[in-house]
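A quick write-up on the structure given underneath.
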Amino acid sequence: IVVPRARAAMSAPGAADLKAELKELMNKKDDIERRLAAVSEELESTGMGGLRGKLVDDEGYPRADVDVHATRTLRNQHARLNTDHTELMRVIETKMHELYAMPAPPKREAAEQPAPKPEAAAPSWVQKAINAAAAPSAPPRAWAVVDEVAPGGPAHASGLQVGDLVVRFGSVSLADGPSDLLASLSAEVSASEGAELQVVVVREGAGEDDLELKLTPRRWDGRGLLGCHLSPLDKAS
């Protein structure tokens, strides 16, 4: 197959295109999470076997008090949705890193641009956190971005969302200095299983004020104690 030169030379999507694509992906993520919640609720209803309950009795026969066929059908549906959610979160993470890594547009001469506009290499709420952290007199600000939240996990239950910028997680913040903050966070989470931690984040559309969430690290059906993934903001940006 011969690709025309004009098509081959097509430029990569700009920041606006990536933001639009991310918005569509986030809408798909929300839809999958709503469907997962609905399936889980139906599995826990009367006459169903739950997500992991036994479907046979001690003698190996199908349980008479459970609709075995419907339970298996819903479990398969839940597994497919969970797989779709995991794959979608990988795509969202990749697109977020692409967006944060985009170079700023070239500056024009002062005569052509009397009122310079802020760089558009990252979403406005990300850039605001970066600018605040860079200011000499600014208080400690965001140091990590949430790029994955597993449905049903402790982070999801606390209200943490993909795209949230972490200002403080428990006692871990930029006030700790240039140490490995993610390593400090891992140690604190491990030592705080079952204890409530305060999480302060910056979220797009939430206004100027930081959001304060309560998250309790605990064992659940997924990996780890949080059910979320964070990336250093300097890496993501």
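So you can find residues: chains in the structure tokens are A, B, ... in the order shown, residues in each start at 1, and ligands are numbered from 1 in order.
Near A:Val66, within a cut-off of 12 Å and counting only C-alpha atoms, sit the residues Leu43, Glu44, Ser45, Thr46, Gly47, Met48, Gly49, Gly50, Gly53, Lys54, Leu55, Val56, Asp57, Tyr61, Pro62, Arg63, His69, Ala70, Thr71 and Arg72 of chain A, with same-chain residues fewer than 3 positions away left out.
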File of the preceding selection, all heavy atoms, as a compact mmCIF listing (two decimals), in the first residue's frame:
# COMPACT_ATOMS: atom_id res chain seq x y z
N LEU A 43 -25.52 -8.40 41.08
CA LEU A 43 -24.95 -9.66 41.57
C LEU A 43 -25.18 -9.84 43.07
O LEU A 43 -25.23 -10.97 43.56
CB LEU A 43 -23.45 -9.70 41.27
CG LEU A 43 -23.05 -10.13 39.85
CD1 LEU A 43 -21.58 -9.85 39.60
CD2 LEU A 43 -23.35 -11.62 39.64
N GLU A 44 -25.28 -8.73 43.80
CA GLU A 44 -25.48 -8.80 45.24
C GLU A 44 -26.95 -8.84 45.63
O GLU A 44 -27.27 -8.89 46.82
CB GLU A 44 -24.80 -7.61 45.92
CG GLU A 44 -23.30 -7.56 45.74
CD GLU A 44 -22.58 -8.78 46.28
OE1 GLU A 44 -23.07 -9.37 47.28
OE2 GLU A 44 -21.54 -9.17 45.71
N SER A 45 -27.83 -8.82 44.65
CA SER A 45 -29.26 -8.82 44.96
C SER A 45 -29.73 -10.22 45.37
O SER A 45 -29.00 -11.22 45.23
CB SER A 45 -30.06 -8.34 43.75
OG SER A 45 -29.88 -9.20 42.64
N THR A 46 -30.94 -10.31 45.88
CA THR A 46 -31.50 -11.58 46.35
C THR A 46 -31.58 -12.59 45.22
O THR A 46 -32.01 -12.28 44.11
CB THR A 46 -32.90 -11.34 46.93
OG1 THR A 46 -32.83 -10.36 47.97
CG2 THR A 46 -33.48 -12.64 47.49
N GLY A 47 -31.15 -13.82 45.51
CA GLY A 47 -31.21 -14.88 44.53
C GLY A 47 -30.01 -14.97 43.61
O GLY A 47 -29.97 -15.83 42.72
N MET A 48 -29.02 -14.09 43.83
CA MET A 48 -27.81 -14.11 43.01
C MET A 48 -26.63 -14.56 43.87
O MET A 48 -26.67 -14.48 45.10
CB MET A 48 -27.54 -12.73 42.42
CG MET A 48 -28.70 -12.20 41.56
SD MET A 48 -29.08 -13.27 40.16
CE MET A 48 -27.64 -12.96 39.15
N GLY A 49 -25.56 -14.99 43.21
CA GLY A 49 -24.43 -15.56 43.94
C GLY A 49 -23.31 -14.60 44.24
O GLY A 49 -22.25 -15.03 44.71
N GLY A 50 -23.50 -13.31 43.96
CA GLY A 50 -22.44 -12.34 44.22
C GLY A 50 -21.31 -12.47 43.20
O GLY A 50 -21.36 -13.28 42.27
N GLY A 53 -19.13 -15.59 45.22
CA GLY A 53 -19.75 -16.62 46.05
C GLY A 53 -19.80 -17.98 45.37
O GLY A 53 -19.77 -18.09 44.14
N LYS A 54 -19.87 -19.05 46.16
CA LYS A 54 -19.93 -20.42 45.63
C LYS A 54 -21.27 -20.63 44.93
O LYS A 54 -22.32 -20.19 45.39
CB LYS A 54 -19.77 -21.42 46.77
CG LYS A 54 -18.39 -21.41 47.41
CD LYS A 54 -18.33 -22.37 48.59
CE LYS A 54 -18.61 -23.80 48.16
NZ LYS A 54 -18.49 -24.75 49.30
N LEU A 55 -21.21 -21.32 43.79
CA LEU A 55 -22.43 -21.60 43.02
C LEU A 55 -22.86 -23.06 43.13
O LEU A 55 -23.87 -23.45 42.54
CB LEU A 55 -22.20 -21.24 41.54
CG LEU A 55 -21.88 -19.77 41.26
CD1 LEU A 55 -21.73 -19.53 39.76
CD2 LEU A 55 -22.95 -18.85 41.84
N VAL A 56 -22.09 -23.85 43.87
CA VAL A 56 -22.47 -25.26 44.10
C VAL A 56 -22.48 -25.52 45.60
O VAL A 56 -21.81 -24.83 46.38
CB VAL A 56 -21.47 -26.22 43.39
CG1 VAL A 56 -21.55 -26.06 41.88
CG2 VAL A 56 -20.05 -26.01 43.89
N ASP A 57 -23.26 -26.54 45.99
CA ASP A 57 -23.31 -26.88 47.41
C ASP A 57 -22.17 -27.82 47.75
O ASP A 57 -21.30 -28.10 46.92
CB ASP A 57 -24.67 -27.50 47.76
CG ASP A 57 -24.99 -28.74 46.92
OD1 ASP A 57 -24.03 -29.39 46.43
OD2 ASP A 57 -26.18 -29.05 46.76
N TYR A 61 -23.54 -29.99 43.67
CA TYR A 61 -24.71 -29.67 42.86
C TYR A 61 -24.96 -28.16 42.86
O TYR A 61 -24.62 -27.46 43.82
CB TYR A 61 -25.95 -30.39 43.40
CG TYR A 61 -25.89 -31.89 43.26
CD1 TYR A 61 -25.58 -32.69 44.37
CD2 TYR A 61 -26.13 -32.50 42.03
CE1 TYR A 61 -25.51 -34.07 44.25
CE2 TYR A 61 -26.05 -33.88 41.90
CZ TYR A 61 -25.74 -34.65 43.02
OH TYR A 61 -25.67 -36.00 42.89
N PRO A 62 -25.55 -27.65 41.77
CA PRO A 62 -25.87 -26.20 41.74
C PRO A 62 -26.75 -25.80 42.91
O PRO A 62 -27.68 -26.54 43.28
CB PRO A 62 -26.61 -26.03 40.40
CG PRO A 62 -26.13 -27.17 39.55
CD PRO A 62 -25.91 -28.32 40.50
N ARG A 63 -26.45 -24.67 43.50
CA ARG A 63 -27.23 -24.20 44.64
C ARG A 63 -28.66 -23.92 44.24
O ARG A 63 -28.93 -23.26 43.22
CB ARG A 63 -26.60 -22.94 45.22
CG ARG A 63 -25.30 -23.20 45.96
CD ARG A 63 -24.65 -21.90 46.40
NE ARG A 63 -25.54 -21.07 47.20
CZ ARG A 63 -25.23 -19.84 47.63
NH1 ARG A 63 -24.03 -19.33 47.35
NH2 ARG A 63 -26.09 -19.14 48.33
N HIS A 69 -27.20 -19.63 36.41
CA HIS A 69 -26.98 -19.18 35.03
C HIS A 69 -26.87 -17.66 34.97
O HIS A 69 -25.95 -17.11 34.33
CB HIS A 69 -28.12 -19.66 34.13
CG HIS A 69 -28.02 -19.15 32.72
ND1 HIS A 69 -27.07 -19.62 31.83
CD2 HIS A 69 -28.73 -18.18 32.07
CE1 HIS A 69 -27.21 -18.98 30.68
NE2 HIS A 69 -28.20 -18.11 30.80
N ALA A 70 -27.81 -16.97 35.62
CA ALA A 70 -27.78 -15.49 35.59
C ALA A 70 -26.53 -14.96 36.29
O ALA A 70 -25.94 -13.97 35.84
CB ALA A 70 -29.04 -14.94 36.26
N THR A 71 -26.13 -15.62 37.38
CA THR A 71 -24.94 -15.18 38.10
C THR A 71 -23.70 -15.31 37.22
O THR A 71 -22.87 -14.39 37.14
CB THR A 71 -24.75 -16.00 39.39
OG1 THR A 71 -25.86 -15.78 40.26
CG2 THR A 71 -23.47 -15.59 40.11
N ARG A 72 -23.57 -16.44 36.54
CA ARG A 72 -22.41 -16.64 35.67
C ARG A 72 -22.42 -15.63 34.52
O ARG A 72 -21.36 -15.12 34.13
CB ARG A 72 -22.41 -18.06 35.13
CG ARG A 72 -21.98 -19.09 36.17
CD ARG A 72 -22.11 -20.50 35.64
NE ARG A 72 -21.55 -21.47 36.60
CZ ARG A 72 -21.77 -22.78 36.55
NH1 ARG A 72 -22.55 -23.28 35.59
NH2 ARG A 72 -21.22 -23.59 37.45
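Every protein or nucleic acid residue with an atom no more than 6 Å from A:Leu165, counting only C-alpha atoms and leaving out same-chain residues fewer than 4 positions away, appears here: A:Ala142, A:Ala144, A:Val145, A:Val201, A:Val202.
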With a distance cut-off of 12 Å and only C-alpha atoms, select the neighbouring residues of stretch 90-94 of chain A, excluding the residue or stretch itself and same-chain residues fewer than 4 positions from it, and output the selection as a ChimeraX atom specification. /A:18-29,83-86,98-101,145-150,162-163,229-231,236
Please write the residues from the selection above to a file, keeping N, CA, C and O atoms, as a compact mmCIF listing (two decimals), in the first residue's frame.
# COMPACT_ATOMS: atom_id res chain seq x y z
N LEU A 18 -5.82 16.63 21.66
CA LEU A 18 -5.58 15.66 22.73
C LEU A 18 -6.55 15.87 23.90
O LEU A 18 -7.03 14.91 24.50
N LYS A 19 -6.82 17.14 24.23
CA LYS A 19 -7.76 17.41 25.31
C LYS A 19 -9.16 16.90 24.96
O LYS A 19 -9.85 16.32 25.81
N ALA A 20 -9.57 17.11 23.69
CA ALA A 20 -10.87 16.63 23.27
C ALA A 20 -10.93 15.10 23.31
O ALA A 20 -11.94 14.52 23.73
N GLU A 21 -9.83 14.47 22.89
CA GLU A 21 -9.78 13.01 22.92
C GLU A 21 -9.81 12.49 24.35
O GLU A 21 -10.49 11.51 24.66
N LEU A 22 -9.08 13.17 25.25
CA LEU A 22 -9.09 12.77 26.66
C LEU A 22 -10.47 12.92 27.27
O LEU A 22 -10.91 12.07 28.06
N LYS A 23 -11.17 13.99 26.90
CA LYS A 23 -12.52 14.19 27.44
C LYS A 23 -13.44 13.07 27.00
O LYS A 23 -14.24 12.55 27.81
N GLU A 24 -13.33 12.65 25.75
CA GLU A 24 -14.15 11.54 25.25
C GLU A 24 -13.79 10.24 25.96
O GLU A 24 -14.67 9.46 26.33
N LEU A 25 -12.48 10.01 26.17
CA LEU A 25 -12.05 8.80 26.87
C LEU A 25 -12.54 8.79 28.32
O LEU A 25 -12.95 7.74 28.83
N MET A 26 -12.52 9.95 28.97
CA MET A 26 -12.99 10.03 30.35
C MET A 26 -14.49 9.75 30.42
O MET A 26 -14.97 9.13 31.37
N ASN A 27 -15.24 10.22 29.41
CA ASN A 27 -16.68 9.93 29.37
C ASN A 27 -16.91 8.42 29.24
O ASN A 27 -17.82 7.86 29.87
N LYS A 28 -16.10 7.76 28.40
CA LYS A 28 -16.20 6.30 28.25
C LYS A 28 -15.87 5.61 29.57
O LYS A 28 -16.51 4.63 29.95
N LYS A 29 -14.83 6.11 30.26
CA LYS A 29 -14.44 5.53 31.55
C LYS A 29 -15.60 5.64 32.55
O LYS A 29 -15.92 4.66 33.25
N THR A 83 -11.96 -5.64 32.20
CA THR A 83 -10.87 -5.68 31.23
C THR A 83 -10.88 -4.42 30.36
O THR A 83 -9.84 -3.81 30.12
N ASP A 84 -12.07 -4.04 29.91
CA ASP A 84 -12.20 -2.82 29.10
C ASP A 84 -11.75 -1.60 29.88
O ASP A 84 -11.08 -0.70 29.34
N HIS A 85 -12.08 -1.56 31.17
CA HIS A 85 -11.71 -0.42 32.01
C HIS A 85 -10.19 -0.34 32.17
O HIS A 85 -9.59 0.74 32.08
N THR A 86 -9.57 -1.49 32.40
CA THR A 86 -8.11 -1.52 32.57
C THR A 86 -7.41 -1.04 31.31
O THR A 86 -6.47 -0.23 31.37
N GLU A 98 1.32 12.23 26.90
CA GLU A 98 1.57 12.90 25.63
C GLU A 98 1.22 14.38 25.73
O GLU A 98 1.95 15.25 25.23
N LEU A 99 0.11 14.67 26.40
CA LEU A 99 -0.33 16.05 26.54
C LEU A 99 0.65 16.86 27.38
O LEU A 99 1.05 17.97 27.01
N TYR A 100 1.05 16.30 28.52
CA TYR A 100 1.95 17.02 29.42
C TYR A 100 3.34 17.21 28.80
O TYR A 100 4.06 18.16 29.14
N ALA A 101 3.71 16.31 27.89
CA ALA A 101 5.05 16.37 27.28
C ALA A 101 5.10 17.26 26.05
O ALA A 101 6.18 17.47 25.50
N VAL A 145 0.46 13.53 39.85
CA VAL A 145 -0.84 13.49 39.16
C VAL A 145 -1.41 12.08 39.27
O VAL A 145 -0.68 11.09 39.16
N VAL A 146 -2.70 11.99 39.53
CA VAL A 146 -3.39 10.71 39.59
C VAL A 146 -3.72 10.28 38.16
O VAL A 146 -4.50 10.95 37.48
N ASP A 147 -3.13 9.19 37.68
CA ASP A 147 -3.39 8.78 36.31
C ASP A 147 -4.15 7.45 36.21
O ASP A 147 -4.38 6.96 35.12
N GLU A 148 -4.54 6.90 37.35
CA GLU A 148 -5.39 5.70 37.32
C GLU A 148 -6.10 5.55 38.65
O GLU A 148 -5.50 5.72 39.71
N VAL A 149 -7.41 5.27 38.59
CA VAL A 149 -8.20 4.98 39.79
C VAL A 149 -9.04 3.75 39.49
O VAL A 149 -9.85 3.74 38.56
N ALA A 150 -8.82 2.68 40.24
CA ALA A 150 -9.54 1.42 40.00
C ALA A 150 -10.92 1.48 40.65
O ALA A 150 -11.05 1.89 41.81
N VAL A 162 -9.07 10.53 38.30
CA VAL A 162 -7.98 10.65 37.34
C VAL A 162 -7.84 12.12 36.94
O VAL A 162 -8.82 12.80 36.66
N GLY A 163 -6.61 12.62 36.95
CA GLY A 163 -6.35 14.02 36.63
C GLY A 163 -6.17 14.90 37.85
O GLY A 163 -5.70 16.03 37.73
N HIS A 229 -3.00 4.94 40.93
CA HIS A 229 -1.61 5.08 40.52
C HIS A 229 -1.28 6.56 40.37
O HIS A 229 -2.08 7.32 39.82
N LEU A 230 -0.12 6.96 40.90
CA LEU A 230 0.34 8.35 40.81
C LEU A 230 1.62 8.41 40.02
O LEU A 230 2.44 7.50 40.10
N SER A 231 1.80 9.49 39.27
CA SER A 231 3.06 9.75 38.57
C SER A 231 3.61 11.10 39.03
O SER A 231 2.83 12.03 39.27
N ALA A 236 5.33 13.88 34.48
CA ALA A 236 4.14 13.98 33.65
C ALA A 236 4.13 15.26 32.85
O ALA A 236 3.58 15.34 31.77
Check the DSSP output for the backbone and give back, as a VMD selection string, the residues of stretch 150-193 of chain A in helix (DSSP H, G or I). chain A and resid 154 to 158 174 to 176 181 to 191
Per residue of stretch 134-169 of chain A within 10 Å of stretch 223-227 of chain A, note the shortest atom pair and the distance in Å to one decimal, counting only C-alpha atoms, and order the rows by chain and increasing residue number, as a tab-separated table.
residue	atom	partner	partner_atom	distance
A:Glu148	CA	A:Gly227	CA	8.3
A:Val149	CA	A:Gly227	CA	6.1
A:Ala150	CA	A:Gly227	CA	5.3
A:Pro151	CA	A:Gly227	CA	7.8
A:Gly152	CA	A:Gly227	CA	8.0
A:Gly153	CA	A:Gly227	CA	4.7
A:Pro154	CA	A:Leu226	CA	5.3
A:Ala155	CA	A:Leu226	CA	5.4
A:His156	CA	A:Gly227	CA	7.3
A:Ala157	CA	A:Gly227	CA	9.6
A:Ser158	CA	A:Leu226	CA	9.9
